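Engineer: Dropping in entry.pdb, with PDB, C-alpha atoms and all ligand atoms.
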```
MODEL        1
ATOM      1  CA  MET R   1      12.083  -1.434  11.956
ATOM      2  CA  THR R   2      11.474  -2.058   8.279
ATOM      3  CA  ALA R   3      14.473  -2.145   5.912
ATOM      4  CA  VAL R   4      13.669   0.213   3.032
ATOM      5  CA  PRO R   5      16.147   2.012   0.739
ATOM      6  CA  LEU R   6      14.437   5.354   1.417
ATOM      7  CA  ARG R   7      15.137   7.930   4.107
ATOM      8  CA  HIS R   8      13.340   7.062   7.336
ATOM      9  CA  LEU R   9      11.446  10.087   8.684
ATOM     10  CA  ARG R  10       9.676   8.817  11.785
ATOM     11  CA  SER R  11       7.763   5.937  13.298
ATOM     12  CA  GLY R  12       4.434   5.847  15.093
ATOM     13  CA  LYS R  13       3.315   2.961  17.241
ATOM     14  CA  VAL R  14       2.418   0.880  14.192
ATOM     15  CA  ARG R  15       3.641   2.668  11.022
ATOM     16  CA  ASP R  16       7.042   3.695   9.690
ATOM     17  CA  LEU R  17       7.222   6.754   7.429
ATOM     18  CA  TYR R  18       9.720   7.138   4.600
ATOM     19  CA  ASP R  19      10.605  10.055   2.351
ATOM     20  CA  ALA R  20       9.169   9.476  -1.144
ATOM     21  CA  GLY R  21       9.878  12.903  -2.596
ATOM     22  CA  PRO R  22       8.747  16.421  -1.729
ATOM     23  CA  ASP R  23       5.019  15.683  -1.880
ATOM     24  CA  HIS R  24       4.847  12.000  -0.998
ATOM     25  CA  LEU R  25       5.516   9.505   1.769
ATOM     26  CA  LEU R  26       5.806   5.745   1.826
ATOM     27  CA  LEU R  27       3.652   4.688   4.790
ATOM     28  CA  VAL R  28       4.611   1.187   5.923
ATOM     29  CA  ALA R  29       2.368  -0.685   8.363
ATOM     30  CA  SER R  30       4.368  -3.022  10.582
ATOM     31  CA  ASP R  31       3.093  -6.143  12.356
ATOM     32  CA  ARG R  32       3.416  -4.328  15.691
ATOM     33  CA  LEU R  33       0.368  -4.437  17.925
ATOM     34  CA  SER R  34      -0.334  -1.729  20.444
ATOM     35  CA  ALA R  35      -2.899  -2.308  23.185
ATOM     36  CA  TYR R  36      -3.728   0.256  25.853
ATOM     37  CA  ASP R  37      -1.102   2.408  24.055
ATOM     38  CA  VAL R  38       1.691  -0.064  24.846
ATOM     39  CA  ILE R  39       3.475  -1.870  21.995
ATOM     40  CA  MET R  40       3.590  -5.625  22.496
ATOM     41  CA  ASP R  41       6.940  -7.403  22.182
ATOM     42  CA  ASP R  42       5.495  -9.989  19.799
ATOM     43  CA  PRO R  43       4.429  -9.051  16.253
ATOM     44  CA  VAL R  44       1.179 -10.410  14.790
ATOM     45  CA  PRO R  45       1.967 -12.137  11.467
ATOM     46  CA  ASP R  46       0.281 -10.477   8.443
ATOM     47  CA  LYS R  47      -1.201  -7.652  10.527
ATOM     48  CA  GLY R  48       0.578  -4.920   8.537
ATOM     49  CA  ARG R  49      -0.641  -6.397   5.244
ATOM     50  CA  VAL R  50      -4.225  -6.636   6.504
ATOM     51  CA  LEU R  51      -4.207  -3.015   7.700
ATOM     52  CA  THR R  52      -2.825  -1.813   4.370
ATOM     53  CA  ALA R  53      -5.191  -3.992   2.313
ATOM     54  CA  LEU R  54      -8.259  -2.874   4.247
ATOM     55  CA  SER R  55      -7.293   0.813   4.347
ATOM     56  CA  SER R  56      -6.613   0.726   0.597
ATOM     57  CA  PHE R  57     -10.059  -0.787   0.010
ATOM     58  CA  TRP R  58     -11.768   1.947   2.005
ATOM     59  CA  PHE R  59      -9.686   4.740   0.484
ATOM     60  CA  GLU R  60     -10.866   3.601  -2.943
ATOM     61  CA  GLN R  61     -14.486   3.087  -1.886
ATOM     62  CA  THR R  62     -14.827   6.429  -0.091
ATOM     63  CA  ALA R  63     -12.880   8.655  -2.491
ATOM     64  CA  SER R  64     -16.139  10.176  -3.757
ATOM     65  CA  VAL R  65     -17.411  10.728  -0.179
ATOM     66  CA  PHE R  66     -14.330  12.622   1.021
ATOM     67  CA  PRO R  67     -10.754  13.082  -0.332
ATOM     68  CA  ASN R  68      -7.889  11.027   1.142
ATOM     69  CA  HIS R  69      -4.113  10.762   0.913
ATOM     70  CA  HIS R  70      -3.909   7.404  -0.875
ATOM     71  CA  VAL R  71      -1.997   7.262  -4.152
ATOM     72  CA  SER R  72      -1.196   3.569  -4.651
ATOM     73  CA  SER R  73      -0.515   0.330  -2.792
ATOM     74  CA  ASP R  74       0.848  -1.334  -5.923
ATOM     75  CA  PRO R  75       4.618  -1.802  -5.467
ATOM     76  CA  ALA R  76       5.088  -1.089  -9.189
ATOM     77  CA  ASP R  77       4.138   2.540  -8.448
ATOM     78  CA  PHE R  78       6.631   2.993  -5.586
ATOM     79  CA  PRO R  79       9.809   5.045  -5.963
ATOM     80  CA  GLU R  80      12.654   3.252  -7.744
ATOM     81  CA  GLY R  81      14.079   0.442  -5.614
ATOM     82  CA  ALA R  82      11.645   0.832  -2.709
ATOM     83  CA  ALA R  83      10.012  -2.545  -3.300
ATOM     84  CA  ALA R  84      13.074  -4.378  -4.615
ATOM     85  CA  GLY R  85      15.868  -6.337  -2.953
ATOM     86  CA  VAL R  86      16.246  -5.650   0.719
ATOM     87  CA  GLY R  87      13.001  -3.676   0.771
ATOM     88  CA  SER R  88      10.841  -6.411  -0.705
ATOM     89  CA  ASP R  89       9.310  -7.324   2.629
ATOM     90  CA  ILE R  90       7.325  -4.076   2.503
ATOM     91  CA  VAL R  91       5.261  -5.414  -0.412
ATOM     92  CA  GLY R  92       1.641  -5.484   0.728
ATOM     93  CA  ARG R  93       2.381  -3.400   3.826
ATOM     94  CA  ALA R  94       3.297  -0.140   2.170
ATOM     95  CA  MET R  95       1.272   2.564   0.513
ATOM     96  CA  LEU R  96       2.375   5.639  -1.370
ATOM     97  CA  VAL R  97       0.496   8.636   0.033
ATOM     98  CA  ARG R  98       0.468  12.414  -0.325
ATOM     99  CA  ARG R  99       2.146  14.333   2.471
ATOM    100  CA  ALA R 100      -0.249  16.153   4.757
ATOM    101  CA  THR R 101      -0.171  18.518   7.691
ATOM    102  CA  VAL R 102      -2.005  16.411  10.230
ATOM    103  CA  VAL R 103      -4.851  18.016  12.220
ATOM    104  CA  PRO R 104      -4.176  17.712  15.981
ATOM    105  CA  LEU R 105      -7.461  15.884  16.730
ATOM    106  CA  GLU R 106      -8.450  12.237  16.551
ATOM    107  CA  CYS R 107     -11.830  12.247  14.794
ATOM    108  CA  VAL R 108     -13.724   9.539  16.664
ATOM    109  CA  VAL R 109     -17.287   8.621  15.632
ATOM    110  CA  ARG R 110     -19.513   6.343  17.691
ATOM    111  CA  GLY R 111     -22.631   4.592  16.431
ATOM    112  CA  TYR R 112     -22.970   2.433  19.552
ATOM    113  CA  LEU R 113     -22.445   2.965  23.257
ATOM    114  CA  PHE R 114     -19.343   1.073  24.332
ATOM    115  CA  GLY R 115     -15.928   1.333  25.960
ATOM    116  CA  SER R 116     -14.991   4.708  27.413
ATOM    117  CA  ALA R 117     -18.255   6.272  26.111
ATOM    118  CA  TRP R 118     -20.299   3.718  28.032
ATOM    119  CA  ASN R 119     -18.284   4.397  31.178
ATOM    120  CA  ASP R 120     -18.793   8.145  30.739
ATOM    121  CA  TYR R 121     -22.548   7.745  30.129
ATOM    122  CA  ARG R 122     -23.043   5.447  33.137
ATOM    123  CA  VAL R 123     -21.589   8.063  35.442
ATOM    124  CA  THR R 124     -22.768  11.336  33.861
ATOM    125  CA  GLY R 125     -25.619  10.496  31.449
ATOM    126  CA  ARG R 126     -23.501  12.206  28.807
ATOM    127  CA  VAL R 127     -20.726  11.327  26.407
ATOM    128  CA  GLN R 128     -18.048  14.018  26.260
ATOM    129  CA  GLY R 129     -20.612  16.642  27.146
ATOM    130  CA  SER R 130     -23.377  15.468  24.762
ATOM    131  CA  ILE R 131     -26.558  14.594  26.623
ATOM    132  CA  LEU R 132     -28.003  11.223  25.620
ATOM    133  CA  PRO R 133     -31.446   9.719  26.344
ATOM    134  CA  ALA R 134     -31.790   7.962  29.703
ATOM    135  CA  GLY R 135     -31.946   4.177  29.953
ATOM    136  CA  LEU R 136     -29.431   3.237  27.258
ATOM    137  CA  ARG R 137     -27.639  -0.061  27.799
ATOM    138  CA  GLN R 138     -24.046  -1.057  27.103
ATOM    139  CA  ALA R 139     -23.602  -1.708  23.339
ATOM    140  CA  ASP R 140     -26.932  -0.030  22.502
ATOM    141  CA  ARG R 141     -27.197   1.717  19.173
ATOM    142  CA  LEU R 142     -27.114   5.502  19.619
ATOM    143  CA  PRO R 143     -30.065   7.557  18.305
ATOM    144  CA  GLU R 144     -27.584   9.254  15.925
ATOM    145  CA  PRO R 145     -23.871   8.639  15.349
ATOM    146  CA  LEU R 146     -21.898  10.940  17.627
ATOM    147  CA  PHE R 147     -18.645  12.809  16.878
ATOM    148  CA  THR R 148     -16.438  12.409  19.981
ATOM    149  CA  PRO R 149     -12.964  13.780  19.173
ATOM    150  CA  THR R 150      -9.922  13.286  21.383
ATOM    151  CA  THR R 151      -6.519  14.893  21.649
ATOM    152  CA  LYS R 152      -3.683  13.384  19.628
ATOM    153  CA  ALA R 153      -1.148  12.659  22.345
ATOM    154  CA  ASP R 154       2.508  12.323  21.300
ATOM    155  CA  ALA R 155       2.976   9.945  24.189
ATOM    156  CA  GLY R 156       0.463   8.267  26.449
ATOM    157  CA  HIS R 157      -3.300   8.304  26.124
ATOM    158  CA  ASP R 158      -5.547  10.454  23.948
ATOM    159  CA  GLU R 159      -7.900  12.547  26.101
ATOM    160  CA  PRO R 160     -11.611  12.928  25.271
ATOM    161  CA  LEU R 161     -12.695  16.471  24.371
ATOM    162  CA  THR R 162     -16.009  18.239  24.681
ATOM    163  CA  ARG R 163     -17.193  20.207  21.678
ATOM    164  CA  ASP R 164     -16.017  23.469  23.280
ATOM    165  CA  GLN R 165     -12.573  22.060  24.038
ATOM    166  CA  ALA R 166     -12.188  20.768  20.469
ATOM    167  CA  VAL R 167     -13.351  24.104  19.052
ATOM    168  CA  ALA R 168     -10.764  25.857  21.229
ATOM    169  CA  LEU R 169      -8.057  23.668  19.638
ATOM    170  CA  VAL R 170      -8.960  23.967  15.951
ATOM    171  CA  GLY R 171     -11.582  26.737  15.610
ATOM    172  CA  THR R 172     -15.307  26.476  14.883
ATOM    173  CA  GLU R 173     -15.110  26.275  11.107
ATOM    174  CA  ARG R 174     -12.453  23.555  11.105
ATOM    175  CA  PHE R 175     -14.296  21.660  13.842
ATOM    176  CA  GLU R 176     -17.485  21.628  11.794
ATOM    177  CA  SER R 177     -15.648  20.430   8.674
ATOM    178  CA  LEU R 178     -14.005  17.609  10.618
ATOM    179  CA  GLU R 179     -17.295  16.584  12.202
ATOM    180  CA  ALA R 180     -19.134  16.560   8.872
ATOM    181  CA  ALA R 181     -16.365  14.553   7.176
ATOM    182  CA  ALA R 182     -16.090  12.014   9.988
ATOM    183  CA  LEU R 183     -19.866  11.493  10.172
ATOM    184  CA  ALA R 184     -20.175  11.116   6.388
ATOM    185  CA  LEU R 185     -17.335   8.596   6.244
ATOM    186  CA  TYR R 186     -18.667   6.649   9.203
ATOM    187  CA  GLY R 187     -22.139   6.602   7.631
ATOM    188  CA  PHE R 188     -20.745   5.229   4.374
ATOM    189  CA  GLY R 189     -18.545   2.637   6.089
ATOM    190  CA  ALA R 190     -21.223   1.502   8.542
ATOM    191  CA  ALA R 191     -23.806   1.052   5.760
ATOM    192  CA  HIS R 192     -21.359  -0.968   3.661
ATOM    193  CA  ALA R 193     -20.321  -3.083   6.647
ATOM    194  CA  ALA R 194     -23.966  -3.705   7.647
ATOM    195  CA  GLU R 195     -24.621  -5.243   4.225
ATOM    196  CA  ARG R 196     -21.767  -7.625   4.962
ATOM    197  CA  GLY R 197     -22.949  -8.567   8.437
ATOM    198  CA  ILE R 198     -20.574  -6.366  10.442
ATOM    199  CA  ILE R 199     -21.414  -3.564  12.846
ATOM    200  CA  ILE R 200     -18.875  -0.744  13.069
ATOM    201  CA  ALA R 201     -19.511   0.245  16.666
ATOM    202  CA  ASP R 202     -17.033   3.115  16.591
ATOM    203  CA  THR R 203     -14.016   4.272  14.656
ATOM    204  CA  LYS R 204     -11.319   6.912  14.514
ATOM    205  CA  PHE R 205     -10.222   8.972  11.509
ATOM    206  CA  GLU R 206      -7.173  11.181  11.176
ATOM    207  CA  LEU R 207      -7.430  14.137   8.848
ATOM    208  CA  GLY R 208      -4.786  16.393   7.417
ATOM    209  CA  GLU R 209      -4.405  19.282   5.040
ATOM    210  CA  ILE R 210      -3.093  18.649   1.522
ATOM    211  CA  ASP R 211      -2.778  21.713  -0.759
ATOM    212  CA  GLY R 212      -5.076  23.626   1.587
ATOM    213  CA  GLU R 213      -7.843  20.985   1.515
ATOM    214  CA  LEU R 214      -8.806  18.481   4.196
ATOM    215  CA  ALA R 215      -8.183  14.812   3.407
ATOM    216  CA  VAL R 216      -8.224  11.559   5.365
ATOM    217  CA  VAL R 217      -4.710  10.323   6.206
ATOM    218  CA  ASP R 218      -3.133   7.389   8.047
ATOM    219  CA  GLU R 219      -5.414   4.318   8.085
ATOM    220  CA  MET R 220      -9.147   3.921   7.620
ATOM    221  CA  LEU R 221     -11.848   1.678   9.123
ATOM    222  CA  THR R 222      -9.435  -1.062  10.174
ATOM    223  CA  PRO R 223      -9.536  -3.376  13.214
ATOM    224  CA  ASP R 224      -6.850  -1.126  14.793
ATOM    225  CA  SER R 225      -8.894   2.047  14.404
ATOM    226  CA  SER R 226     -12.394   0.608  14.871
ATOM    227  CA  ARG R 227     -14.604  -1.721  16.893
ATOM    228  CA  PHE R 228     -16.105  -4.361  14.589
ATOM    229  CA  TRP R 229     -18.844  -6.676  15.826
ATOM    230  CA  PRO R 230     -20.458  -9.566  13.979
ATOM    231  CA  ALA R 231     -24.049  -8.294  13.529
ATOM    232  CA  ASP R 232     -25.598 -11.663  14.370
ATOM    233  CA  ALA R 233     -23.866 -11.763  17.769
ATOM    234  CA  TRP R 234     -24.848  -8.238  18.852
ATOM    235  CA  ARG R 235     -27.052  -8.160  21.974
ATOM    236  CA  PRO R 236     -27.485  -4.856  23.818
ATOM    237  CA  ALA R 237     -26.483  -5.003  27.488
ATOM    238  CA  THR R 238     -23.690  -7.473  26.741
ATOM    239  CA  ALA R 239     -20.175  -7.145  25.343
ATOM    240  CA  PRO R 240     -20.264  -8.524  21.764
ATOM    241  CA  PRO R 241     -17.359 -10.668  20.539
ATOM    242  CA  SER R 242     -15.268  -8.610  18.152
ATOM    243  CA  TYR R 243     -12.921  -8.803  15.184
ATOM    244  CA  ASP R 244     -10.561  -6.252  16.610
ATOM    245  CA  LYS R 245      -8.064  -5.767  19.378
ATOM    246  CA  GLN R 246     -10.669  -6.481  22.036
ATOM    247  CA  PHE R 247      -9.609 -10.135  21.848
ATOM    248  CA  VAL R 248      -6.044  -9.226  22.861
ATOM    249  CA  ARG R 249      -7.234  -6.681  25.414
ATOM    250  CA  ASP R 250      -9.436  -9.312  27.058
ATOM    251  CA  TRP R 251      -6.520 -11.734  27.232
ATOM    252  CA  LEU R 252      -4.225  -9.029  28.632
ATOM    253  CA  ASP R 253      -6.831  -8.139  31.273
ATOM    254  CA  SER R 254      -7.084 -11.805  32.248
ATOM    255  CA  THR R 255      -3.375 -11.782  33.132
ATOM    256  CA  GLY R 256      -3.828  -8.956  35.642
ATOM    257  CA  TRP R 257      -1.349  -6.762  33.708
ATOM    258  CA  ASP R 258      -1.417  -3.133  34.945
ATOM    259  CA  ARG R 259      -1.271  -1.632  31.395
ATOM    260  CA  THR R 260       2.198  -0.175  31.870
ATOM    261  CA  PRO R 261       5.385  -1.466  30.173
ATOM    262  CA  PRO R 262       6.689  -4.076  30.035
ATOM    263  CA  PRO R 263       3.705  -5.951  28.560
ATOM    264  CA  PRO R 264       3.319  -9.715  28.974
ATOM    265  CA  ARG R 265       4.571 -11.956  26.131
ATOM    266  CA  LEU R 266       1.672 -13.031  23.906
ATOM    267  CA  PRO R 267       1.217 -16.806  23.658
ATOM    268  CA  ALA R 268       0.998 -18.455  20.212
ATOM    269  CA  GLU R 269      -2.763 -19.002  20.459
ATOM    270  CA  VAL R 270      -3.379 -15.322  21.190
ATOM    271  CA  LEU R 271      -1.193 -14.286  18.224
ATOM    272  CA  ASP R 272      -2.925 -16.832  15.954
ATOM    273  CA  GLY R 273      -6.384 -15.817  17.158
ATOM    274  CA  THR R 274      -5.568 -12.166  16.535
ATOM    275  CA  ARG R 275      -4.208 -12.842  13.054
ATOM    276  CA  ARG R 276      -7.302 -14.881  12.216
ATOM    277  CA  ARG R 277      -9.678 -12.117  13.336
ATOM    278  CA  TYR R 278      -7.822  -9.457  11.359
ATOM    279  CA  VAL R 279      -7.898 -11.564   8.175
ATOM    280  CA  GLU R 280     -11.575 -12.426   8.733
ATOM    281  CA  ALA R 281     -12.482  -8.764   9.151
ATOM    282  CA  TYR R 282     -10.757  -7.971   5.839
ATOM    283  CA  GLU R 283     -12.416 -10.803   3.941
ATOM    284  CA  GLN R 284     -15.884 -10.148   5.385
ATOM    285  CA  LEU R 285     -15.800  -6.420   4.772
ATOM    286  CA  THR R 286     -14.329  -6.510   1.277
ATOM    287  CA  GLY R 287     -15.663  -9.835  -0.034
ATOM    288  CA  ARG R 288     -12.107 -10.388  -1.291
ATOM    289  CA  SER R 289      -9.690 -13.201  -0.483
ATOM    290  CA  PHE R 290      -6.657 -12.061   1.522
ATOM    291  CA  GLU R 291      -4.608 -14.546  -0.565
ATOM    292  CA  HIS R 292      -4.918 -12.154  -3.482
ATOM    293  CA  TRP R 293      -3.450  -9.131  -1.735
ATOM    294  CA  TYR R 294       0.146  -8.135  -2.607
ATOM    295  CA  HIS R 295       2.724 -10.255  -0.844
ATOM    296  CA  PRO R 296       6.515 -10.436  -0.821
ATOM    297  CA  ARG R 297       7.946 -12.995  -3.226
TER     298      ARG R 297
HETATM  299  N1  LIG R 301      -0.328  11.567   4.642
HETATM  300  C1  LIG R 301       0.314  11.783   5.793
HETATM  301  N2  LIG R 301       1.105  12.861   5.949
HETATM  302  C2  LIG R 301       1.759  13.085   7.119
HETATM  303  N3  LIG R 301       1.687  12.279   8.193
HETATM  304  C3  LIG R 301       0.910  11.182   8.108
HETATM  305  C4  LIG R 301       0.180  10.872   6.910
HETATM  306  N4  LIG R 301      -0.505   9.730   7.119
HETATM  307  C5  LIG R 301      -0.219   9.341   8.374
HETATM  308  N5  LIG R 301       0.613  10.203   8.983
HETATM  309  C6  LIG R 301       1.164  10.124  10.337
HETATM  310  O1  LIG R 301       2.003   8.998  10.393
HETATM  311  C7  LIG R 301       1.942   8.372  11.646
HETATM  312  C8  LIG R 301       1.509   6.942  11.431
HETATM  313  O2  LIG R 301       1.988   6.146  12.448
HETATM  314  P1  LIG R 301       1.047   5.300  13.379
HETATM  315  O3  LIG R 301      -0.251   5.045  12.721
HETATM  316  O4  LIG R 301       1.854   4.157  13.855
HETATM  317  O5  LIG R 301       0.907   6.393  14.527
HETATM  318  P2  LIG R 301       0.057   6.308  15.845
HETATM  319  O6  LIG R 301       0.634   5.392  16.800
HETATM  320  O7  LIG R 301      -1.369   6.169  15.447
HETATM  321  O8  LIG R 301       0.296   7.784  16.366
HETATM  322  P3  LIG R 301       1.662   8.435  16.803
HETATM  323  O9  LIG R 301       2.344   8.904  15.548
HETATM  324  O10 LIG R 301       1.186   9.580  17.642
HETATM  325  O11 LIG R 301       2.452   7.410  17.559
HETATM  326  C9  LIG R 301       0.907   9.142  12.471
HETATM  327  O12 LIG R 301       1.577  10.068  13.280
HETATM  328  C10 LIG R 301       0.104   9.872  11.397
HETATM  329  O13 LIG R 301      -0.430  11.086  11.872
HETATM  330 MG    MG R 302      -2.172   5.787  13.427
ENDMDL
END
```
Hey, can you dump this file as structure tokens for me?
Structural biologist:
Amino acid sequence: MTAVPLRHLRSGKVRDLYDAGPDHLLLVASDRLSAYDVIMDDPVPDKGRVLTALSSFWFEQTASVFPNHHVSSDPADFPEGAAAGVGSDIVGRAMLVRRATVVPLECVVRGYLFGSAWNDYRVTGRVQGSILPAGLRQADRLPEPLFTPTTKADAGHDEPLTRDQAVALVGTERFESLEAAALALYGFGAAHAAERGIIIADTKFELGEIDGELAVVDEMLTPDSSRFWPADAWRPATAPPSYDKQFVRDWLDSTGWDRTPPPPRLPAEVLDGTRRRYVEAYEQLTGRSFEHWYHPR
């Protein structure tokens, strides 16, 4: 875990949360990589900084589309001492955010037919209950982006929900707000990414309530939460190469691993290849050099 002179509250698979006062948290992205919901033993260098840099970019870009929890990723704005001395290795990985009550749904949006949605469609002609046109191929663009929420499992895998199941969890009004927010944010992100030669095939948002209003929390449109494809390599009916965790997943599958702990150790070339893809995704999407992002001195 990260050494920070603030009270540690909890850790998710990738992020560590620290107390930054009654209304704020310091959200620190580690270099941990989780694949198939199992945390690998080997960290990916710079991954936490890429996730924080890219999320910060999107939080700024989308602030006028929908509110979010981001306050600042500049260490100068962190609580006294948080970015100094022993804590300095959090520089670039940490963001100061507003505390939220997290909504118990993962707000997934799909613009393309891939992964579990493709498997669902092949068998049922539907994706989580939504009927789609016949004859779609793997990786085809969907007629309209589709909101396909899942449960937020404390442990294990998130389960896909039909509209009725999601409504039963959060109520109709809240469901419709989440759907509208997720579709608007996906639309904005996908249009921006398309201009930069990247397809956002699907992505997952987490929303929470801050002062009674919904806001995006956690991370946003990163290689951990999204499927990114280079637009020029996209061919329907095939699996496009990707900038995200698919590279690691493919390698893991090639080892015959059964997706239960303990995971295999990741060889240097897989760690390097993953780091390179994460940095490339950041630079392509933002047009900024990763060199210029905050880094520990
Ligand atoms: N502004 C916020 N207020 C409260 N909680 C937040 C906020 N932003 C993020 N979180 C929570 O912090 C945790 C971030 O950790 P991380 O992203 O590693 O979790 P995860 O692996 O996606 O999910 P889990 O926490 O279920 O393991 C998540 O549980 C997320 O819901
Ligand atoms: Mg998360």
Engineer: What is the atom CA of Asp232 of chain R-atom CA of His192 of chain R distance in Å, reported with one decimal?
Structural biologist: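 Taking atom CA of Asp232 of chain R and atom CA of His192 of chain R, their separation equals 15.7 Å.
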Engineer: Using all atoms listed in the file, determine which residues lie at most 9 Å from segment 162-168 of chain R, disregarding the query and same-chain residues fewer than 3 positions distant; provide the list as a list in words.
Structural biologist: Leu105, Val127, Gln128, Gly129, Ser130, Phe147, Thr148, Pro149, Thr150, Thr151, Gly171, Thr172, Glu173, Arg174, Phe175 and Glu176 of chain R
Engineer: Please report, as JSON lines, each residue of segment 30-144 of chain R lying at most 12 Å from segment 272-279 of chain R, together with the nearest pair of atoms and the separation in Å rounded to one decimal; use all atoms listed in the file, and order rows by chain and ascending residue number.
Structural biologist:
```
{"residue": "R:Asp31", "atom": "CA", "partner": "R:Arg275", "partner_atom": "CA", "distance": 9.9}
{"residue": "R:Arg32", "atom": "CA", "partner": "R:Arg275", "partner_atom": "CA", "distance": 11.7}
{"residue": "R:Leu33", "atom": "CA", "partner": "R:Thr274", "partner_atom": "CA", "distance": 9.8}
{"residue": "R:Asp42", "atom": "CA", "partner": "R:Asp272", "partner_atom": "CA", "distance": 11.5}
{"residue": "R:Pro43", "atom": "CA", "partner": "R:Arg275", "partner_atom": "CA", "distance": 10.0}
{"residue": "R:Val44", "atom": "CA", "partner": "R:Arg275", "partner_atom": "CA", "distance": 6.2}
{"residue": "R:Pro45", "atom": "CA", "partner": "R:Arg275", "partner_atom": "CA", "distance": 6.4}
{"residue": "R:Asp46", "atom": "CA", "partner": "R:Arg275", "partner_atom": "CA", "distance": 6.9}
{"residue": "R:Lys47", "atom": "CA", "partner": "R:Arg275", "partner_atom": "CA", "distance": 6.5}
{"residue": "R:Gly48", "atom": "CA", "partner": "R:Tyr278", "partner_atom": "CA", "distance": 10.0}
{"residue": "R:Arg49", "atom": "CA", "partner": "R:Val279", "partner_atom": "CA", "distance": 9.4}
{"residue": "R:Val50", "atom": "CA", "partner": "R:Val279", "partner_atom": "CA", "distance": 6.4}
{"residue": "R:Leu51", "atom": "CA", "partner": "R:Tyr278", "partner_atom": "CA", "distance": 8.2}
{"residue": "R:Thr52", "atom": "CA", "partner": "R:Tyr278", "partner_atom": "CA", "distance": 11.5}
{"residue": "R:Ala53", "atom": "CA", "partner": "R:Val279", "partner_atom": "CA", "distance": 10.0}
{"residue": "R:Leu54", "atom": "CA", "partner": "R:Val279", "partner_atom": "CA", "distance": 9.5}
```
Engineer: Given the PyMOL selection byres (((not hetatm)) within 10 of (chain R and resi 302)) and the file above, list the residues it selects as a VMD selection string.
Structural biologist: chain R and resid 11 to 15 29 106 152 204 to 206 217 to 220 224 to 225
Engineer: Give me the residues near segment 238-249 of chain R as a PyMOL selection string, where near means some atom within 9 Å (using all atoms listed in the file) and where sequence neighbours in that chain fewer than 2 positions away do not count.
Structural biologist: chain R and resi 33-36+114+137-139+222-230+233-236+251-254+266+270-271+273-274+276-278+280-281
Engineer: Any chance you could work out the residue set of the PyMOL selection byres (((chain R and resi 195) around 12) and not hetatm) here, as a list in words?
Structural biologist: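 Checking the PyMOL selection byres (((chain R and resi 195) around 12) and not hetatm) against this file, the residues are Phe188, Gly189, Ala190, Ala191, His192, Ala193, Ala194, Arg196, Gly197, Ile198, Ile199, Ile200, Pro230, Ala231, Gln284, Leu285, Thr286 and Gly287 of chain R.
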Engineer: Could you check which of R:Gly135, R:Pro5, R:Pro79, R:Pro67 is closest to Ala20 of chain R, using all atoms listed in the file?
Structural biologist: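 Of the candidates, the smallest distance to Ala20 of chain R is held by R:Pro79.
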Engineer: Kindly give the distance, in Å, that separates atom CA of Ala184 of chain R and atom CA of Ser56 of chain R, rounded to a single decimal.
Structural biologist: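 Atom-to-atom, atom CA of Ala184 of chain R to atom CA of Ser56 of chain R, that is 18.0 Å.
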